[in-house]
Amino acid sequence: MFLPLTAKKVKIVLLRLGVLFLLLLVNVGPIGYILLVSKKGTIAQVCSGIQIAVSVLTVVTLAIIPPGRLCVSEGRRRRGFSLTNTVFSSNFAPLKSSEQWMSICIWVVVFISKAFESFFFIVTPAGKPILIFATLPVFQCGKAMILCRVTTLSGSFFLLLTTVVLFFLDTYMWWIGRIYAKLLASRQMTARPRPKALCAQVWNAVVINMAQEHLISVNSLDKLLYCYHPDGNQPNHVRIEAPKFFTSQEDVSTKMESFPANSEAYRRVSFFAQSLSMVFPEPTSVQRMPSFSVLVPHYGEKILLSLKEIIRQSDPNSSITLLDFGEPHEIALNAVGFFENTSISTLRTRIWASLRSQTLFRCVSGFMNYQKALKLLARVENPELVSRFQGDELALEVELDRIASSKFAFVVAMQRYHKFDAEELENANLLLRFFPSLKISYIEEDEAHRFFACLTDSECEILENGRRRPKFRIQLPGYPVLGDGKSDNQNASLIFARGEFLQLVDANQDHYFEECLKIRSILQEFLPNSSAPVSIVGAREFIFSERIGVLGDVAAGKEYCFGTIAQRVTAKLGARLHYGHPDFLNTVFMTTRGGMNALMRGGRITHTEYMQCGKGRDLGFSSILKFVAKIGAGMGEQMLSREQYYLGTQLPLDRLLTFFYGHPGFHLNNIFIMLSLQLMLLTLLCTAVVRTAFTPCTKVTISSESIVKLPAGCVEVDSLVDWVKQAVFSIVAVFAINFLPLFAQILAEQGFIPAVSRIAKHVASFSPLFDVFTTQIYSHTLLNDFSFGRAGYISSGRSVATSRGNFHTLFQAFAEPSIYFGKVFQRIRVANRSVSKDFGLSCFSLSALI
């Protein structure tokens, strides 16, 4: 790293070098005296004792003090006596005292548990096998003594290295009625209607919205709505009758008919009800709430499915349609009518299928619920606004649209809009037709090769070429895509996003009306309550693709652990970064700092549990390969960045450990996993050679206190086999611990039976083998990026896997990261079987499992 040769910085560097050199002399000096002067005597014992104490003190001191703060006090560092600018590289937001102690206690417990586990299952069992390898009677090999010596040394080396890798590997494994009070700004309402009347309007809106999405049948709708009846005693009042669903709680048939078990409606209503019992900020009125925007980047993702794509007419490798795969139920058949040969029915069929796939139409439809929610809240909380229009619903709707539009904007950054073909243009125009307040930004290039950032909407004129005339057209200094296309596309569209806050989502996400009602509480999280401003507020994710096949369920479980559980923990311990998908950003703060820079430059990153967004994941091996390769290569670039260098040298130890194991440590752990498998098989090979080349011992009991090993000169190879069995057992046990976070989360939210059934489904579908596959892809792409670079955005598609790929395409994709790597394991397995028949069988079983 380049440093200007100023007197202050040279002084810091020389001071650190001097201190480190002094510590080196203090730690190494006693060794010279003991080896060269005297190995026995009181002085030698005192020197060795002092050396142990100084070594332990040195390790603890250098572990606790970050390298960037060595030999620099906190006061001098804040006055600028540092190698880097403190404000821009280590201005970390302080944790609360409770969070600080929680962070410290978690890592103390982790390392205590690790110490016990490592001592009993890794270090102690490996001691005797290493001693056996080192003391083997190689003279028994005769002419092959040199080969035996090489084998024994290799066995000792591989066994010791395997123990060290497992020692570092398992550290990562251990780390692993309210509506009125919660949703409505009741204190700021000038008029105070009955709470029941307000709650009835909100609940009816939620239920009707679910019915419009074909999640609730028309027959069940009547039992879920609040009904209004004239009050005979008071002519100007109405009597509100609660729905049968609330009044007949003991009637299980009514509940099951309205919300069948394991249905999407049941899941959404259950989470909505549970979230209202959580603690979250009191909302402010719609008129006083801050404004915000939603920004969705789009490149080549599917906007709206065509009829040919739905029936797979254009795919000769598929024998199943999306309608057959999705199994449309009776509600959709009656409401949509798939089999009517009219343009309207065809369009409704396309929309129905698109809303159940990972399309941009689904994303826009979901997040436009913010507008519906704001209009509903403004109407419910302002009865004087309704009375002012005196029954003129059209004028009232225009006013509600104006209020919602002043607080919410939706921008889709269509990078290729200027180059869309006729079908894509038609789909984009359909988006603007169904969602008139939607805005589309894009990059335009003219004949003079000048680039413009443009914005268009539903009010813009449609030109002869099918495109709309841009409302705004801002010339850029050059081509804006300088690095990664997705982020640069967002940067070019950022000028069209309005408001104080910004939510960045992907085109494969979804949102729900009832969750959008909580948006005001989410934005209240940004209110300053400490010296450090809130830069990012995260939210939960629900992976709606978990019910589409085994791979969808397994991928959903992994994404749920990372996107919700891991983000919750890292945010609480002060080491969360911008995860990406449902995060809300402080626009002013983030546009001047960035993702990892938000943590370094004084921003606080929080995570909320009372709001969830939908998200889709990859559903086929090919798309999973692309997604994992993209993530692995991207982390390789991050690990080479200066931001991670600053975080690694400036963060306190407890927050550094959380940051490491929550971000780069996961990917380095994948490398160690694959390395440990190779080392394990090589150790097995050396063990098999020893078991074949030397005479194993047979224990003969002479008396209760005397055991003799026969014949003379034998080798106790049983200890080697015991170590192998214990190592395999510990690997399987630690691997089983990986299911614990997902099991505990499902247990807390859904109960014991769903948690057990979900884990049993993963095990029965051989998801551990799938985890080995993804681990190897992560490891391969990360190492490739370290060696050659080439990281970039990869479009994975995420469509439903209903077609078969060509052999040459699949071989080209999977050969380098998986097939060739598996060939190495096969060769070791063959060598094991050729060396020892009986022991080779166990090696074959292990390698087959791998």
# chains A, B, ... in the order shown; residues from 1 in each chain; ligands from 1
call {"tool": "residues_around", "arguments": {"residues": "stretch 613-619 of chain A", "least_positions_apart": "2", "cutoff": "6 Å", "atoms": "only C-alpha atoms", "output": "ChimeraX atom specification"}}
result
/A:508-511,541-545,551-552,623-624,798,800
call {"tool": "write_last_selection", "arguments": {"atoms": "N, CA and C atoms", "output": "PDB file, in the first residue's frame"}}
result
ATOM      1  N   ASN A 508     -36.613 -10.521  -9.160  1.00  0.00           N
ATOM      2  CA  ASN A 508     -37.211 -11.809  -8.805  1.00  0.00           C
ATOM      3  C   ASN A 508     -37.831 -11.777  -7.412  1.00  0.00           C
ATOM      4  N   GLN A 509     -38.235 -10.592  -6.966  1.00  0.00           N
ATOM      5  CA  GLN A 509     -38.817 -10.466  -5.634  1.00  0.00           C
ATOM      6  C   GLN A 509     -40.301 -10.181  -5.713  1.00  0.00           C
ATOM      7  N   ASP A 510     -40.938 -10.211  -4.555  1.00  0.00           N
ATOM      8  CA  ASP A 510     -42.378  -9.993  -4.452  1.00  0.00           C
ATOM      9  C   ASP A 510     -42.652  -9.293  -3.130  1.00  0.00           C
ATOM     10  N   HIS A 511     -43.802  -8.677  -3.039  1.00  0.00           N
ATOM     11  CA  HIS A 511     -44.210  -8.044  -1.791  1.00  0.00           C
ATOM     12  C   HIS A 511     -45.694  -8.261  -1.593  1.00  0.00           C
ATOM     13  N   GLU A 541     -36.889 -12.093   4.638  1.00  0.00           N
ATOM     14  CA  GLU A 541     -37.256 -12.590   3.317  1.00  0.00           C
ATOM     15  C   GLU A 541     -37.974 -13.928   3.461  1.00  0.00           C
ATOM     16  N   PHE A 542     -38.978 -14.111   2.624  1.00  0.00           N
ATOM     17  CA  PHE A 542     -39.598 -15.416   2.491  1.00  0.00           C
ATOM     18  C   PHE A 542     -39.315 -15.919   1.081  1.00  0.00           C
ATOM     19  N   ILE A 543     -38.744 -17.103   0.970  1.00  0.00           N
ATOM     20  CA  ILE A 543     -38.384 -17.665  -0.328  1.00  0.00           C
ATOM     21  C   ILE A 543     -39.614 -18.394  -0.877  1.00  0.00           C
ATOM     22  N   PHE A 544     -40.330 -17.730  -1.790  1.00  0.00           N
ATOM     23  CA  PHE A 544     -41.591 -18.303  -2.263  1.00  0.00           C
ATOM     24  C   PHE A 544     -41.378 -19.463  -3.231  1.00  0.00           C
ATOM     25  N   SER A 545     -40.143 -19.701  -3.649  1.00  0.00           N
ATOM     26  CA  SER A 545     -39.874 -20.821  -4.555  1.00  0.00           C
ATOM     27  C   SER A 545     -39.579 -22.115  -3.807  1.00  0.00           C
ATOM     28  N   LEU A 551     -34.861 -29.044  -5.274  1.00  0.00           N
ATOM     29  CA  LEU A 551     -33.811 -28.032  -5.328  1.00  0.00           C
ATOM     30  C   LEU A 551     -34.323 -26.681  -4.847  1.00  0.00           C
ATOM     31  N   GLY A 552     -35.582 -26.365  -5.181  1.00  0.00           N
ATOM     32  CA  GLY A 552     -36.158 -25.109  -4.701  1.00  0.00           C
ATOM     33  C   GLY A 552     -36.253 -25.072  -3.192  1.00  0.00           C
ATOM     34  N   SER A 623     -28.897 -23.082 -13.282  1.00  0.00           N
ATOM     35  CA  SER A 623     -29.046 -21.742 -12.713  1.00  0.00           C
ATOM     36  C   SER A 623     -28.352 -21.638 -11.364  1.00  0.00           C
ATOM     37  N   ILE A 624     -28.357 -22.724 -10.590  1.00  0.00           N
ATOM     38  CA  ILE A 624     -27.644 -22.714  -9.305  1.00  0.00           C
ATOM     39  C   ILE A 624     -26.150 -22.588  -9.540  1.00  0.00           C
ATOM     40  N   ARG A 798     -33.270 -18.293 -13.330  1.00  0.00           N
ATOM     41  CA  ARG A 798     -34.171 -18.704 -12.245  1.00  0.00           C
ATOM     42  C   ARG A 798     -35.549 -19.156 -12.741  1.00  0.00           C
ATOM     43  N   VAL A 800     -38.377 -22.058 -14.008  1.00  0.00           N
ATOM     44  CA  VAL A 800     -38.702 -23.403 -13.554  1.00  0.00           C
ATOM     45  C   VAL A 800     -38.000 -24.415 -14.456  1.00  0.00           C
TER      46      VAL A 800
END
call {"tool": "closest_residue", "arguments": {"among": "A:Ile132, A:Leu656, A:Val689, A:Leu295", "to": "A:Asp718", "atoms": "only C-alpha atoms"}}
result
A:Ile132
call {"tool": "residues_around", "arguments": {"residues": "A:Ala532", "least_positions_apart": "4", "cutoff": "12 Å", "atoms": "only C-alpha atoms", "output": "JSON, numbers by chain"}}
result
{"A": [91, 92, 93, 94, 95, 96, 526, 527, 528, 536, 589, 598, 599, 600, 601, 602, 603, 604, 605, 606]}
call {"tool": "closest_residue", "arguments": {"among": "A:Ile64, A:Leu304, A:Val218, A:Ile519", "to": "A:Leu430", "atoms": "only C-alpha atoms"}}
result
A:Leu304
call {"tool": "residues_around", "arguments": {"residues": "A:Leu385", "least_positions_apart": "2", "cutoff": "12 Å", "atoms": "only C-alpha atoms", "output": "JSON, numbers by chain"}}
result
{"A": [189, 190, 191, 375, 377, 378, 379, 380, 381, 382, 383, 387, 388, 389, 390, 391, 392, 393, 395, 396, 397, 399, 400, 403]}
call {"tool": "atom_distance", "arguments": {"atom1": "atom CA of A:Ala373", "atom2": "atom CA of A:Asp457"}}
result
21.5 Å
call {"tool": "decode", "arguments": {"residues": "stretch 342-364 of chain A", "atoms": "N, CA, C and O atoms", "output": "short mmCIF file (atom, residue, chain, number, x, y, z; two decimals), in the first residue's frame"}}
result
data_model
loop_
_atom_site.label_atom_id
_atom_site.label_comp_id
_atom_site.auth_asym_id
_atom_site.auth_seq_id
_atom_site.Cartn_x
_atom_site.Cartn_y
_atom_site.Cartn_z
N THR A 342 -59.65 -16.41 -26.42
CA THR A 342 -59.84 -14.98 -26.68
C THR A 342 -58.59 -14.24 -26.23
O THR A 342 -57.80 -14.74 -25.42
N SER A 343 -58.41 -13.03 -26.75
CA SER A 343 -57.22 -12.26 -26.40
C SER A 343 -57.20 -11.88 -24.93
O SER A 343 -56.14 -11.87 -24.29
N ILE A 344 -58.38 -11.57 -24.38
CA ILE A 344 -58.44 -11.20 -22.96
C ILE A 344 -58.09 -12.39 -22.08
O ILE A 344 -57.32 -12.28 -21.12
N SER A 345 -58.64 -13.55 -22.41
CA SER A 345 -58.34 -14.74 -21.61
C SER A 345 -56.86 -15.12 -21.73
O SER A 345 -56.24 -15.55 -20.76
N THR A 346 -56.31 -14.95 -22.93
CA THR A 346 -54.88 -15.25 -23.10
C THR A 346 -54.03 -14.33 -22.25
O THR A 346 -53.07 -14.77 -21.59
N LEU A 347 -54.37 -13.05 -22.24
CA LEU A 347 -53.61 -12.09 -21.42
C LEU A 347 -53.75 -12.41 -19.94
O LEU A 347 -52.77 -12.35 -19.19
N ARG A 348 -54.95 -12.78 -19.51
CA ARG A 348 -55.14 -13.11 -18.10
C ARG A 348 -54.38 -14.38 -17.74
O ARG A 348 -53.86 -14.51 -16.63
N THR A 349 -54.32 -15.32 -18.67
CA THR A 349 -53.53 -16.53 -18.43
C THR A 349 -52.05 -16.19 -18.29
O THR A 349 -51.35 -16.72 -17.42
N ARG A 350 -51.56 -15.31 -19.16
CA ARG A 350 -50.16 -14.89 -19.09
C ARG A 350 -49.86 -14.20 -17.77
O ARG A 350 -48.82 -14.43 -17.14
N ILE A 351 -50.77 -13.35 -17.34
CA ILE A 351 -50.57 -12.63 -16.07
C ILE A 351 -50.61 -13.61 -14.90
O ILE A 351 -49.78 -13.53 -13.98
N TRP A 352 -51.57 -14.55 -14.94
CA TRP A 352 -51.66 -15.52 -13.84
C TRP A 352 -50.37 -16.32 -13.73
O TRP A 352 -49.85 -16.53 -12.63
N ALA A 353 -49.85 -16.78 -14.86
CA ALA A 353 -48.61 -17.56 -14.83
C ALA A 353 -47.41 -16.70 -14.43
O ALA A 353 -46.52 -17.15 -13.71
N SER A 354 -47.39 -15.44 -14.88
CA SER A 354 -46.27 -14.54 -14.54
C SER A 354 -46.25 -14.21 -13.07
O SER A 354 -45.17 -14.04 -12.48
N LEU A 355 -47.43 -14.10 -12.46
CA LEU A 355 -47.50 -13.82 -11.02
C LEU A 355 -47.09 -15.02 -10.18
O LEU A 355 -46.92 -14.87 -8.96
N ARG A 356 -46.91 -16.17 -10.80
CA ARG A 356 -46.46 -17.36 -10.08
C ARG A 356 -45.09 -17.81 -10.56
O ARG A 356 -44.67 -18.93 -10.25
N SER A 357 -44.41 -16.98 -11.31
CA SER A 357 -43.04 -17.22 -11.75
C SER A 357 -42.17 -16.06 -11.27
O SER A 357 -42.66 -15.11 -10.68
N GLN A 358 -40.90 -16.14 -11.55
CA GLN A 358 -39.98 -15.09 -11.14
C GLN A 358 -39.83 -14.10 -12.30
O GLN A 358 -38.84 -14.12 -13.03
N THR A 359 -40.82 -13.23 -12.43
CA THR A 359 -40.87 -12.26 -13.51
C THR A 359 -40.88 -10.85 -12.95
O THR A 359 -41.19 -10.62 -11.78
N LEU A 360 -40.57 -9.89 -13.81
CA LEU A 360 -40.62 -8.49 -13.41
C LEU A 360 -42.05 -8.06 -13.13
O LEU A 360 -42.28 -7.20 -12.26
N PHE A 361 -43.01 -8.61 -13.84
CA PHE A 361 -44.41 -8.26 -13.61
C PHE A 361 -44.81 -8.60 -12.17
O PHE A 361 -45.52 -7.83 -11.52
N ARG A 362 -44.37 -9.74 -11.68
CA ARG A 362 -44.68 -10.12 -10.29
C ARG A 362 -44.03 -9.14 -9.32
O ARG A 362 -44.65 -8.75 -8.33
N CYS A 363 -42.80 -8.76 -9.59
CA CYS A 363 -42.10 -7.82 -8.72
C CYS A 363 -42.82 -6.47 -8.67
O CYS A 363 -43.07 -5.93 -7.60
N VAL A 364 -43.16 -5.93 -9.84
CA VAL A 364 -43.82 -4.63 -9.89
C VAL A 364 -45.20 -4.72 -9.24
O VAL A 364 -45.60 -3.83 -8.47
#
